[in-house]
$ cat protein.csv   # CSV, C-alpha atoms and all ligand atoms
chain,number,residue,atom,x,y,z
Y,1,MET,CA,0.0,0.0,0.0
Y,2,ARG,CA,2.8,2.4,1.0
Y,3,LYS,CA,4.6,1.6,-2.2
Y,4,TYR,CA,1.5,2.3,-4.1
Y,5,ILE,CA,1.1,5.7,-2.5
Y,6,ILE,CA,4.7,6.6,-3.2
Y,7,LEU,CA,4.2,5.6,-6.9
Y,8,VAL,CA,1.0,7.7,-7.2
Y,9,PHE,CA,2.8,10.7,-5.5
Y,10,THR,CA,5.8,10.3,-7.9
Y,11,LEU,CA,3.6,10.2,-10.9
Y,12,ALA,CA,1.6,13.2,-9.7
Y,13,CYS,CA,4.8,15.2,-9.2
Y,14,PHE,CA,6.1,14.1,-12.6
Y,15,TYR,CA,2.8,15.1,-14.3
Y,16,THR,CA,2.8,18.5,-12.5
Y,17,THR,CA,6.4,19.3,-13.5
Y,18,ALA,CA,5.8,18.1,-17.1
Y,19,MET,CA,2.6,20.3,-17.3
Y,20,ALA,CA,4.5,23.3,-15.9
Y,21,GLN,CA,7.3,22.9,-18.5
Y,22,ARG,CA,4.8,22.4,-21.3
Y,23,TYR,CA,2.8,25.6,-20.7
Y,24,GLU,CA,5.9,27.7,-20.0
Y,25,LYS,CA,7.5,26.4,-23.2
Y,26,MET,CA,4.3,26.9,-25.2
Y,27,HIS,CA,3.9,30.5,-23.8
Y,28,SER,CA,7.5,31.6,-24.5
Y,29,SER,CA,7.5,30.2,-28.0
Y,30,ALA,CA,4.2,31.9,-28.9
Y,31,VAL,CA,3.9,35.6,-30.0
Y,32,VAL,CA,2.1,37.1,-27.1
Y,33,VAL,CA,0.2,40.4,-27.7
Y,34,ASP,CA,-1.6,42.6,-25.2
Y,35,THR,CA,-3.7,45.3,-26.8
Y,36,HIS,CA,-4.3,47.5,-23.8
Y,37,ASN,CA,-2.0,48.8,-21.1
Y,38,ASP,CA,-2.3,52.1,-19.3
Y,39,PHE,CA,1.3,52.4,-18.0
Y,40,LEU,CA,1.9,55.8,-19.7
Y,41,SER,CA,-0.9,57.4,-17.7
Y,42,ALA,CA,0.0,55.5,-14.5
Y,43,SER,CA,3.6,56.6,-14.8
Y,44,ILE,CA,2.6,60.3,-14.8
Y,45,VAL,CA,0.5,59.9,-11.6
Y,46,LYS,CA,3.2,57.8,-9.9
Y,47,ASN,CA,6.2,59.6,-11.4
Y,48,VAL,CA,8.0,56.5,-12.4
Y,49,SER,CA,9.8,55.3,-15.6
Y,50,PHE,CA,9.2,52.1,-17.6
Y,51,ASP,CA,12.9,51.1,-17.6
Y,52,GLN,CA,13.0,51.1,-13.8
Y,53,SER,CA,12.2,48.1,-11.7
Y,54,LEU,CA,8.7,48.9,-10.5
Y,55,LYS,CA,7.6,45.6,-8.8
Y,56,GLY,CA,4.9,46.5,-6.2
Y,57,VAL,CA,4.5,50.0,-7.7
Y,58,THR,CA,2.9,49.3,-11.1
Y,59,HIS,CA,1.7,46.2,-13.0
Y,60,SER,CA,4.3,46.7,-15.7
Y,61,ASP,CA,7.9,47.6,-16.5
Y,62,LEU,CA,10.2,46.6,-19.3
Y,63,GLN,CA,11.9,43.8,-17.4
Y,64,ARG,CA,8.7,42.3,-16.1
Y,65,MET,CA,7.0,42.5,-19.6
Y,66,LYS,CA,9.9,40.2,-20.8
Y,67,GLU,CA,9.4,37.9,-17.8
Y,68,GLY,CA,5.7,37.6,-18.7
Y,69,GLY,CA,6.7,36.5,-22.2
Y,70,LEU,CA,5.0,39.6,-23.7
Y,71,ASP,CA,6.2,40.2,-27.3
Y,72,VAL,CA,3.9,43.1,-28.3
Y,73,GLN,CA,2.3,45.7,-26.1
Y,74,VAL,CA,-0.1,48.3,-27.4
Y,75,PHE,CA,0.3,51.2,-25.0
Y,76,SER,CA,-2.8,53.3,-24.4
Y,77,ILE,CA,-2.5,57.0,-25.1
Y,78,PHE,CA,-5.1,58.5,-22.8
Y,79,CYS,CA,-6.5,61.5,-21.0
Y,80,ASP,CA,-10.0,61.7,-19.6
Y,81,GLU,CA,-12.9,64.0,-20.4
Y,82,GLN,CA,-11.4,66.9,-18.3
Y,83,TYR,CA,-9.2,67.4,-21.3
Y,84,GLY,CA,-11.0,68.9,-24.3
Y,85,LYS,CA,-10.4,71.4,-27.1
Y,86,GLY,CA,-7.0,72.9,-26.9
Y,87,THR,CA,-5.6,70.4,-24.3
Y,88,ALA,CA,-6.5,66.8,-25.2
Y,89,PHE,CA,-4.5,66.5,-28.4
Y,90,SER,CA,-1.4,68.0,-26.8
Y,91,TYR,CA,-1.7,65.8,-23.7
Y,92,ALA,CA,-1.9,62.7,-26.0
Y,93,ASN,CA,1.2,63.9,-27.9
Y,94,ARG,CA,3.1,64.2,-24.6
Y,95,GLU,CA,2.4,60.6,-23.9
Y,96,ILE,CA,3.5,59.6,-27.4
Y,97,ASP,CA,6.7,61.6,-26.7
Y,98,SER,CA,7.3,59.8,-23.5
Y,99,LEU,CA,6.9,56.3,-25.1
Y,100,ASN,CA,9.3,57.4,-27.9
Y,101,ALA,CA,11.8,58.5,-25.2
Y,102,ILE,CA,11.5,55.1,-23.5
Y,103,VAL,CA,12.2,53.3,-26.8
Y,104,ALA,CA,15.1,55.6,-27.6
Y,105,ARG,CA,16.7,54.9,-24.2
Y,106,ASN,CA,16.4,51.1,-24.8
Y,107,PRO,CA,17.3,50.5,-28.4
Y,108,SER,CA,18.6,47.0,-27.9
Y,109,ALA,CA,15.6,45.8,-25.8
Y,110,MET,CA,12.6,47.3,-27.6
Y,111,SER,CA,11.4,49.0,-30.8
Y,112,MET,CA,8.4,51.0,-31.9
Y,113,VAL,CA,6.3,49.1,-34.4
Y,114,THR,CA,3.9,50.7,-36.9
Y,115,ASN,CA,3.5,48.1,-39.6
Y,116,PRO,CA,3.5,44.3,-39.9
Y,117,GLN,CA,7.0,44.3,-41.5
Y,118,GLN,CA,8.4,46.1,-38.5
Y,119,LEU,CA,6.6,43.7,-36.2
Y,120,GLN,CA,8.2,40.7,-37.9
Y,121,LYS,CA,11.6,42.4,-37.7
Y,122,ALA,CA,11.2,43.1,-34.0
Y,123,LEU,CA,10.1,39.5,-33.3
Y,124,LYS,CA,13.1,38.2,-35.3
Y,125,GLU,CA,15.5,40.3,-33.4
Y,126,LYS,CA,13.8,39.3,-30.1
Y,127,LYS,CA,13.0,42.9,-29.3
Y,128,PHE,CA,9.9,43.9,-27.3
Y,129,ALA,CA,7.6,45.6,-29.7
Y,130,ALA,CA,5.7,48.8,-28.6
Y,131,MET,CA,2.6,49.9,-30.4
Y,132,MET,CA,0.2,52.8,-29.6
Y,133,GLY,CA,-3.6,53.1,-29.5
Y,134,VAL,CA,-5.4,56.4,-28.6
Y,135,GLU,CA,-8.2,55.6,-26.1
Y,136,GLY,CA,-10.9,58.2,-26.8
Y,137,GLY,CA,-11.9,60.1,-29.9
Y,138,HIS,CA,-12.0,63.3,-27.8
Y,139,MET,CA,-8.2,63.5,-28.3
Y,140,ILE,CA,-8.7,64.5,-32.0
Y,141,GLU,CA,-10.7,67.5,-30.9
Y,142,ASP,CA,-13.2,67.2,-33.8
Y,143,ASN,CA,-10.3,67.7,-36.3
Y,144,ILE,CA,-9.5,65.1,-39.0
Y,145,ALA,CA,-6.0,66.7,-39.3
Y,146,TYR,CA,-5.3,65.6,-35.7
Y,147,LEU,CA,-6.4,62.0,-36.6
Y,148,ASP,CA,-3.9,62.1,-39.5
Y,149,SER,CA,-1.2,63.4,-37.2
Y,150,PHE,CA,-1.8,60.6,-34.7
Y,151,TYR,CA,-1.4,58.1,-37.6
Y,152,ARG,CA,1.8,59.8,-38.7
Y,153,ARG,CA,3.2,59.6,-35.2
Y,154,GLY,CA,2.5,55.8,-35.2
Y,155,VAL,CA,-0.9,55.4,-33.5
Y,156,ARG,CA,-2.5,52.2,-35.0
Y,157,TYR,CA,-5.8,52.1,-33.2
Y,158,MET,CA,-8.3,54.6,-31.9
Y,159,THR,CA,-11.1,53.8,-29.4
Y,160,LEU,CA,-13.9,55.9,-30.9
Y,161,THR,CA,-14.9,57.0,-27.4
Y,162,TRP,CA,-13.8,56.5,-23.8
Y,163,ASN,CA,-16.5,56.7,-21.2
Y,164,ASN,CA,-17.3,60.3,-22.4
Y,165,SER,CA,-19.1,60.8,-25.7
Y,166,THR,CA,-17.6,63.1,-28.3
Y,167,SER,CA,-19.6,65.5,-30.4
Y,168,TRP,CA,-19.6,62.8,-33.1
Y,169,ALA,CA,-19.9,59.4,-31.3
Y,170,SER,CA,-21.9,58.3,-28.2
Y,171,SER,CA,-20.2,56.2,-25.5
Y,172,ALA,CA,-21.6,53.0,-23.8
Y,173,MET,CA,-21.7,55.0,-20.5
Y,174,ASP,CA,-23.8,57.8,-22.0
Y,175,GLU,CA,-26.1,55.6,-24.1
Y,176,THR,CA,-26.8,53.5,-21.0
Y,177,LEU,CA,-27.0,56.0,-18.2
Y,178,HIS,CA,-27.6,59.4,-19.8
Y,179,ALA,CA,-29.5,58.6,-23.0
Y,180,ASP,CA,-32.0,61.5,-22.6
Y,181,SER,CA,-29.4,64.2,-22.5
Y,182,LEU,CA,-27.4,62.9,-25.5
Y,183,PRO,CA,-27.7,65.3,-28.5
Y,184,HIS,CA,-27.5,62.3,-30.8
Y,185,LYS,CA,-26.9,58.6,-30.6
Y,186,GLY,CA,-24.4,56.7,-32.7
Y,187,LEU,CA,-22.1,58.3,-35.3
Y,188,ASN,CA,-23.0,61.6,-36.9
Y,189,ASP,CA,-21.7,62.6,-40.3
Y,190,PHE,CA,-18.4,63.7,-38.9
Y,191,GLY,CA,-18.1,60.4,-37.0
Y,192,LYS,CA,-18.7,58.5,-40.2
Y,193,GLN,CA,-15.9,60.6,-41.8
Y,194,VAL,CA,-13.6,59.6,-38.9
Y,195,VAL,CA,-14.3,55.9,-39.4
Y,196,ARG,CA,-13.8,56.1,-43.2
Y,197,ARG,CA,-10.5,58.0,-42.7
Y,198,MET,CA,-9.3,55.5,-40.2
Y,199,ASN,CA,-9.9,52.7,-42.8
Y,200,GLU,CA,-8.1,54.7,-45.4
Y,201,LEU,CA,-5.1,55.4,-43.2
Y,202,GLY,CA,-4.9,51.8,-41.8
Y,203,MET,CA,-5.8,52.8,-38.2
Y,204,ILE,CA,-7.8,50.0,-36.5
Y,205,VAL,CA,-11.3,51.0,-35.3
Y,206,ASP,CA,-11.6,50.1,-31.6
Y,207,ILE,CA,-15.1,49.7,-30.3
Y,208,SER,CA,-14.4,49.1,-26.6
Y,209,HIS,CA,-16.2,51.8,-24.5
Y,210,VAL,CA,-18.6,52.8,-27.4
Y,211,GLY,CA,-22.4,52.7,-27.1
Y,212,GLU,CA,-24.4,50.1,-29.0
Y,213,GLN,CA,-25.6,52.6,-31.6
Y,214,THR,CA,-22.1,53.8,-32.3
Y,215,PHE,CA,-20.9,50.2,-32.4
Y,216,TYR,CA,-23.5,49.2,-35.1
Y,217,ASP,CA,-22.9,52.4,-37.1
Y,218,ALA,CA,-19.1,51.8,-37.1
Y,219,LEU,CA,-19.5,48.2,-38.1
Y,220,ALA,CA,-21.9,49.0,-40.9
Y,221,LEU,CA,-19.3,51.4,-42.3
Y,222,SER,CA,-15.9,49.9,-41.6
Y,223,THR,CA,-14.4,48.0,-44.6
Y,224,LYS,CA,-11.8,46.5,-42.3
Y,225,PRO,CA,-11.9,44.2,-39.3
Y,226,VAL,CA,-12.4,46.1,-36.0
Y,227,ILE,CA,-11.2,45.3,-32.5
Y,228,ALA,CA,-12.5,45.6,-28.9
Y,229,SER,CA,-9.1,46.3,-27.4
Y,230,HIS,CA,-10.3,45.6,-23.8
Y,231,SER,CA,-13.8,44.2,-23.3
Y,232,CYS,CA,-15.6,41.2,-21.9
Y,233,ALA,CA,-19.0,39.4,-22.4
Y,234,TRP,CA,-22.2,41.1,-21.2
Y,235,THR,CA,-24.2,37.9,-20.7
Y,236,LEU,CA,-21.7,36.8,-18.1
Y,237,ASN,CA,-21.6,40.2,-16.4
Y,238,HIS,CA,-24.1,42.9,-17.1
Y,239,VAL,CA,-21.7,45.9,-17.2
Y,240,PHE,CA,-22.7,48.6,-19.7
Y,241,ARG,CA,-19.4,48.4,-21.6
Y,242,ASN,CA,-19.2,44.6,-21.9
Y,243,LEU,CA,-20.4,43.2,-25.3
Y,244,LYS,CA,-23.8,41.8,-25.8
Y,245,ASP,CA,-24.3,38.5,-27.8
Y,246,ASP,CA,-25.4,40.3,-31.0
Y,247,GLN,CA,-22.4,42.6,-30.8
Y,248,ILE,CA,-20.1,39.5,-30.3
Y,249,ARG,CA,-21.7,37.9,-33.4
Y,250,ALA,CA,-21.3,41.1,-35.4
Y,251,ILE,CA,-17.5,41.2,-34.6
Y,252,GLY,CA,-17.3,37.6,-35.7
Y,253,LYS,CA,-18.9,38.5,-39.0
Y,254,ASN,CA,-16.6,41.5,-39.4
Y,255,ASN,CA,-13.7,39.1,-38.9
Y,256,GLY,CA,-12.6,41.3,-35.9
Y,257,VAL,CA,-11.3,40.3,-32.5
Y,258,ILE,CA,-12.4,40.8,-28.9
Y,259,GLN,CA,-9.4,41.3,-26.6
Y,260,LEU,CA,-10.4,40.3,-23.0
Y,261,ASN,CA,-10.2,42.9,-20.2
Y,262,PHE,CA,-8.8,41.5,-16.9
Y,263,PHE,CA,-10.6,44.0,-14.6
Y,264,SER,CA,-12.4,42.0,-11.8
Y,265,GLY,CA,-15.4,44.3,-12.2
Y,266,PHE,CA,-15.9,43.4,-15.8
Y,267,VAL,CA,-15.1,39.7,-15.3
Y,268,ASP,CA,-17.2,38.8,-12.2
Y,269,SER,CA,-20.8,40.0,-11.7
Y,270,ASN,CA,-20.5,39.9,-7.9
Y,271,PHE,CA,-17.2,41.9,-7.7
Y,272,PHE,CA,-18.8,45.3,-7.2
Y,273,LYS,CA,-21.0,44.0,-4.4
Y,274,ARG,CA,-17.8,42.9,-2.6
Y,275,SER,CA,-15.8,46.0,-3.4
Y,276,ASP,CA,-18.7,48.3,-2.4
Y,277,ALA,CA,-18.9,46.6,1.0
Y,278,PHE,CA,-15.1,47.1,1.4
Y,279,MET,CA,-15.3,50.8,0.5
Y,280,ALA,CA,-18.3,51.3,2.8
Y,281,ALA,CA,-16.4,49.7,5.7
Y,282,HIS,CA,-13.5,52.1,5.2
Y,283,LYS,CA,-15.4,55.2,4.0
Y,284,SER,CA,-14.3,57.7,6.7
Y,285,GLU,CA,-10.6,56.8,6.2
Y,286,TRP,CA,-11.0,57.1,2.4
Y,287,ASP,CA,-12.7,60.5,2.9
Y,288,SER,CA,-9.8,61.8,4.9
Y,289,LEU,CA,-7.2,60.5,2.4
Y,290,LYS,CA,-9.2,62.2,-0.4
Y,291,THR,CA,-9.2,65.5,1.6
Y,292,ALA,CA,-5.4,65.2,2.3
Y,293,HIS,CA,-4.4,64.4,-1.3
Y,294,ASN,CA,-7.2,65.9,-3.3
Y,295,SER,CA,-7.4,62.8,-5.6
Y,296,ASP,CA,-9.7,59.8,-5.8
Y,297,PHE,CA,-6.9,57.9,-7.4
Y,298,VAL,CA,-4.4,58.5,-4.7
Y,299,ALA,CA,-7.0,57.9,-1.9
Y,300,ASP,CA,-7.9,54.5,-3.5
Y,301,MET,CA,-4.2,53.6,-4.0
Y,302,LEU,CA,-3.3,54.3,-0.3
Y,303,LEU,CA,-6.3,52.6,1.1
Y,304,PHE,CA,-5.8,49.5,-1.1
Y,305,GLU,CA,-2.1,49.3,-0.1
Y,306,LYS,CA,-3.0,49.5,3.6
Y,307,TYR,CA,-5.6,46.8,3.4
Y,308,ALA,CA,-3.8,44.6,0.9
Y,309,ALA,CA,-5.0,41.3,2.3
Y,310,GLU,CA,-8.6,42.3,2.4
Y,311,VAL,CA,-8.4,43.7,-1.2
Y,312,ASN,CA,-6.8,40.5,-2.3
Y,313,SER,CA,-9.8,38.5,-1.0
Y,314,LEU,CA,-12.1,40.5,-3.2
Y,315,ARG,CA,-10.6,39.1,-6.4
Y,316,PRO,CA,-12.5,36.5,-8.5
Y,317,PRO,CA,-10.9,33.2,-9.5
Y,318,LEU,CA,-8.9,33.1,-12.7
Y,319,SER,CA,-11.3,30.6,-14.1
Y,320,MET,CA,-14.0,33.4,-14.5
Y,321,LEU,CA,-11.8,35.2,-17.0
Y,322,LEU,CA,-11.4,32.0,-19.0
Y,323,ASP,CA,-15.2,31.6,-18.9
Y,324,HIS,CA,-15.6,34.8,-20.9
Y,325,LEU,CA,-13.1,33.5,-23.4
Y,326,ASP,CA,-14.9,30.1,-23.7
Y,327,TYR,CA,-18.2,31.9,-24.0
Y,328,ILE,CA,-17.0,34.0,-27.0
Y,329,VAL,CA,-15.2,31.0,-28.6
Y,330,LYS,CA,-18.4,28.9,-28.4
Y,331,MET,CA,-20.3,31.6,-30.1
Y,332,ILE,CA,-18.0,32.8,-32.9
Y,333,GLY,CA,-15.0,30.6,-32.9
Y,334,VAL,CA,-11.4,30.8,-31.8
Y,335,ASP,CA,-10.3,33.3,-34.4
Y,336,HIS,CA,-12.0,36.2,-32.7
Y,337,VAL,CA,-10.6,36.4,-29.1
Y,338,GLY,CA,-7.4,37.7,-27.5
Y,339,LEU,CA,-6.0,39.6,-24.5
Y,340,GLY,CA,-6.3,43.3,-23.6
Y,341,SER,CA,-5.4,43.2,-20.0
Y,342,ASP,CA,-5.9,46.9,-19.0
Y,343,PHE,CA,-2.9,46.5,-16.6
Y,344,ASP,CA,-2.0,49.8,-14.9
Y,345,GLY,CA,-5.5,51.1,-15.6
Y,346,ILE,CA,-7.3,48.7,-13.2
Y,347,ASN,CA,-7.0,48.2,-9.4
Y,348,SER,CA,-8.1,44.5,-9.3
Y,349,ALA,CA,-7.6,41.5,-11.6
Y,350,PRO,CA,-8.5,37.8,-11.0
Y,351,LYS,CA,-6.4,35.8,-8.6
Y,352,GLU,CA,-3.0,34.7,-10.0
Y,353,LEU,CA,-3.0,37.7,-12.5
Y,354,ASP,CA,-0.9,39.9,-10.2
Y,355,ASP,CA,1.0,41.8,-12.9
Y,356,VAL,CA,2.4,41.4,-16.4
Y,357,THR,CA,4.7,38.5,-15.2
Y,358,SER,CA,1.5,36.4,-14.7
Y,359,MET,CA,0.6,36.2,-18.3
Y,360,PRO,CA,1.8,32.5,-18.7
Y,361,VAL,CA,-1.0,31.3,-16.3
Y,362,ILE,CA,-3.4,32.1,-19.1
Y,363,THR,CA,-1.6,29.7,-21.4
Y,364,ARG,CA,-1.6,27.1,-18.6
Y,365,GLU,CA,-5.4,27.5,-18.2
Y,366,LEU,CA,-6.0,27.3,-22.0
Y,367,LEU,CA,-4.0,24.0,-22.2
Y,368,LYS,CA,-6.0,22.7,-19.2
Y,369,ARG,CA,-9.2,23.5,-20.9
Y,370,GLY,CA,-8.2,21.5,-23.9
Y,371,TYR,CA,-7.4,24.2,-26.4
Y,372,LYS,CA,-5.1,23.1,-29.2
Y,373,LYS,CA,-1.6,24.6,-29.6
Y,374,LYS,CA,-2.4,26.3,-32.9
Y,375,ASP,CA,-5.5,27.8,-31.3
Y,376,ILE,CA,-3.7,29.0,-28.2
Y,377,ARG,CA,-1.2,30.8,-30.6
Y,378,LYS,CA,-4.1,32.6,-32.2
Y,379,ILE,CA,-5.6,33.7,-28.9
Y,380,LEU,CA,-2.3,34.8,-27.4
Y,381,GLY,CA,-1.5,37.1,-30.4
Y,382,GLY,CA,-2.2,35.6,-33.9
Y,383,ASN,CA,-5.7,36.9,-34.1
Y,384,PHE,CA,-4.7,40.5,-33.4
Y,385,ILE,CA,-1.8,40.3,-35.8
Y,386,ARG,CA,-4.3,39.1,-38.5
Y,387,VAL,CA,-6.5,42.2,-37.9
Y,388,PHE,CA,-3.4,44.5,-37.8
Y,389,LYS,CA,-2.3,43.1,-41.2
Y,390,ALA,CA,-5.8,43.5,-42.7
Y,391,ASN,CA,-5.9,47.1,-41.6
Y,392,SER,CA,-2.4,47.9,-42.8
Y,393,ALA,CA,-3.1,46.6,-46.3
Y,394,SER,CA,-4.4,49.3,-48.7
I,401,ZN,ZN,-10.6,51.7,-21.1
$ encode --input "protein.csv" --output "structure tokens"
Amino acid sequence: MRKYIILVFTLACFYTTAMAQRYEKMHSSAVVVDTHNDFLSASIVKNVSFDQSLKGVTHSDLQRMKEGGLDVQVFSIFCDEQYGKGTAFSYANREIDSLNAIVARNPSAMSMVTNPQQLQKALKEKKFAAMMGVEGGHMIEDNIAYLDSFYRRGVRYMTLTWNNSTSWASSAMDETLHADSLPHKGLNDFGKQVVRRMNELGMIVDISHVGEQTFYDALALSTKPVIASHSCAWTLNHVFRNLKDDQIRAIGKNNGVIQLNFFSGFVDSNFFKRSDAFMAAHKSEWDSLKTAHNSDFVADMLLFEKYAAEVNSLRPPLSMLLDHLDYIVKMIGVDHVGLGSDFDGINSAPKELDDVTSMPVITRELLKRGYKKKDIRKILGGNFIRVFKANSAS
């Protein structure tokens, strides 16, 4: 009996080690793409630099991206709705400047990529490829020349809206919560001009954050595949900016790709109940932090750091993120899903997804769920690269 137990234990250890080697090998040999990371905005608030070691401070830095097996990162160029005419475009350009400076400081480790040929070259040279997406149409300040300028500077996707609507496109937040006060729903004539111009330029149309009317207007118009750079499935969690089943089917038909967001609140339908209870329990402390620092962001950050163990217990299991992936794959197939973490733009992700170094656990879970190697390669990066190529072609 004892011998038998030892044999079973040895086999179990052998299997676990073999499994670990298998997923790590699979992950490092695949081209891994993440289409949404907010490091550039986080670095301004936290006053840190990408080429420093920032473990415990941010979700990402250059060294940890490499440790996580990330080959391509689309950095989000972002400012919120406080920035408008006269300020949003220049703010976005400063973020582009700072990414260019990071790349210039690390020429042997990374390179900026603006077309599929450059991407192939970077992969061949084993350099980390940086790309850029503008998160929010308000940054073009109602001016097509600014859209062209973003393209010339290397931006390869634009999210038509962030949470705020523009004068030409309504957001998911406004269509859902403030429909009565919207001057129009969907894309107006200028909005349609923007989408056409993006197709002409070869800038991918990103429909994360947009309202359903804007979504359907953009898909009716776009001659090229679109992306949702960081979104999940609404049926599994009724958050206004998750994608409904008909939207998921429409992206499948368009040959686009849905890149899954890791935010606990988009993944798990009970997360906000738990996090609201946490915030209520610590409200007076949060209020005094907010008064002292005059910033919601800093108040959140300090509170979360102080109660790290409690905050950790609020996180959903990793399996819930994979459930969104399975759900989309079952509906439209394995060619239309990928990863758009939103790291450094979110304050909670499912357990085990602690920062960019955790990316291999996704490959482990995909293998466990029975996905074939070639399909895992598509999910990790191949699907986005297909859409990038289709948009770059004239
Ligand atoms: Zn976002």
$ atom_distance --input "protein.csv" --atom1 "CA of Ser313 in chain Y" --atom2 "CA of Lys290 in chain Y"
23.7 Å
$ atom_distance --input "protein.csv" --atom1 "CA of Asp80 in chain Y" --atom2 "CA of Leu40 in chain Y"
13.3 Å
$ closest_residue --input "protein.csv" --among "Y:Asn163, Y:Met65, Y:Leu99, Y:Thr35" --to "Gln82 in chain Y" --atoms "all atoms listed in the file"
Y:Asn163
$ closest_atom_pairs --input "protein.csv" --of "range 161-189 of chain Y" --to "range 131-152 of chain Y" --cutoff "6 Å" --atoms "all atoms listed in the file" --output "tab-separated table"
residue	atom	partner	partner_atom	distance
Y:Thr161	CA	Y:Gly136	CA	4.2
Y:Trp162	CA	Y:Gly136	CA	4.5
Y:Thr166	CA	Y:His138	CA	5.6
$ residues_near_ligand --input "protein.csv" --ligand "ligand ZN 401 (chain I)" --cutoff "12 Å" --atoms "only C-alpha atoms and all ligand atoms" --output "ChimeraX atom specification"
/Y:35-38,41,75-80,133-136,158-164,171-173,206-210,228-232,241-242,259-263,266,340-346
$ residues_near_point --input "protein.csv" --point "(-26.8, 60.6, -33.1)" --cutoff "10 Å" --atoms "all atoms listed in the file" --output "VMD selection string"
chain Y and resid 167 to 170 182 to 189 191 213 to 214 217
$ closest_residue --input "protein.csv" --among "Y:Leu303, Y:Val57, Y:Val113, Y:Ile379" --to "Val45 in chain Y" --atoms "only C-alpha atoms"
Y:Val57
$ residues_near_point --input "protein.csv" --point "(-12.6, 25.9, -17.2)" --cutoff "8 Å" --atoms "all atoms listed in the file" --output "number ranges by chain"
Y: 319, 322-323, 365, 368-369
$ write_last_selection --input "protein.csv" --atoms "C-alpha atoms" --output "compact mmCIF listing (two decimals), keeping the file's coordinate frame"
# COMPACT_ATOMS: atom_id res chain seq x y z
CA SER Y 319 -11.30 30.60 -14.10
CA LEU Y 322 -11.40 32.00 -19.00
CA ASP Y 323 -15.20 31.60 -18.90
CA GLU Y 365 -5.40 27.50 -18.20
CA LYS Y 368 -6.00 22.70 -19.20
CA ARG Y 369 -9.20 23.50 -20.90
$ closest_residue --input "protein.csv" --among "Y:Ala30, Y:Ala281, Y:Val311, Y:Leu70" --to "Lys373 in chain Y" --atoms "all atoms listed in the file"
Y:Ala30
$ atom_distance --input "protein.csv" --atom1 "CA of Asn347 in chain Y" --atom2 "CA of Met301 in chain Y"
8.1 Å
$ closest_residue --input "protein.csv" --among "Y:Tyr371, Y:Phe304, Y:Phe297, Y:Phe384" --to "Leu339 in chain Y" --atoms "only C-alpha atoms"
Y:Phe384
$ residues_around --input "protein.csv" --residues "Pro350 in chain Y" --least-positions-apart "6" --cutoff "10 Å" --atoms "all atoms listed in the file" --output "MDAnalysis selection string"
chainID Y and resid 262:265 267:268 312 314:321
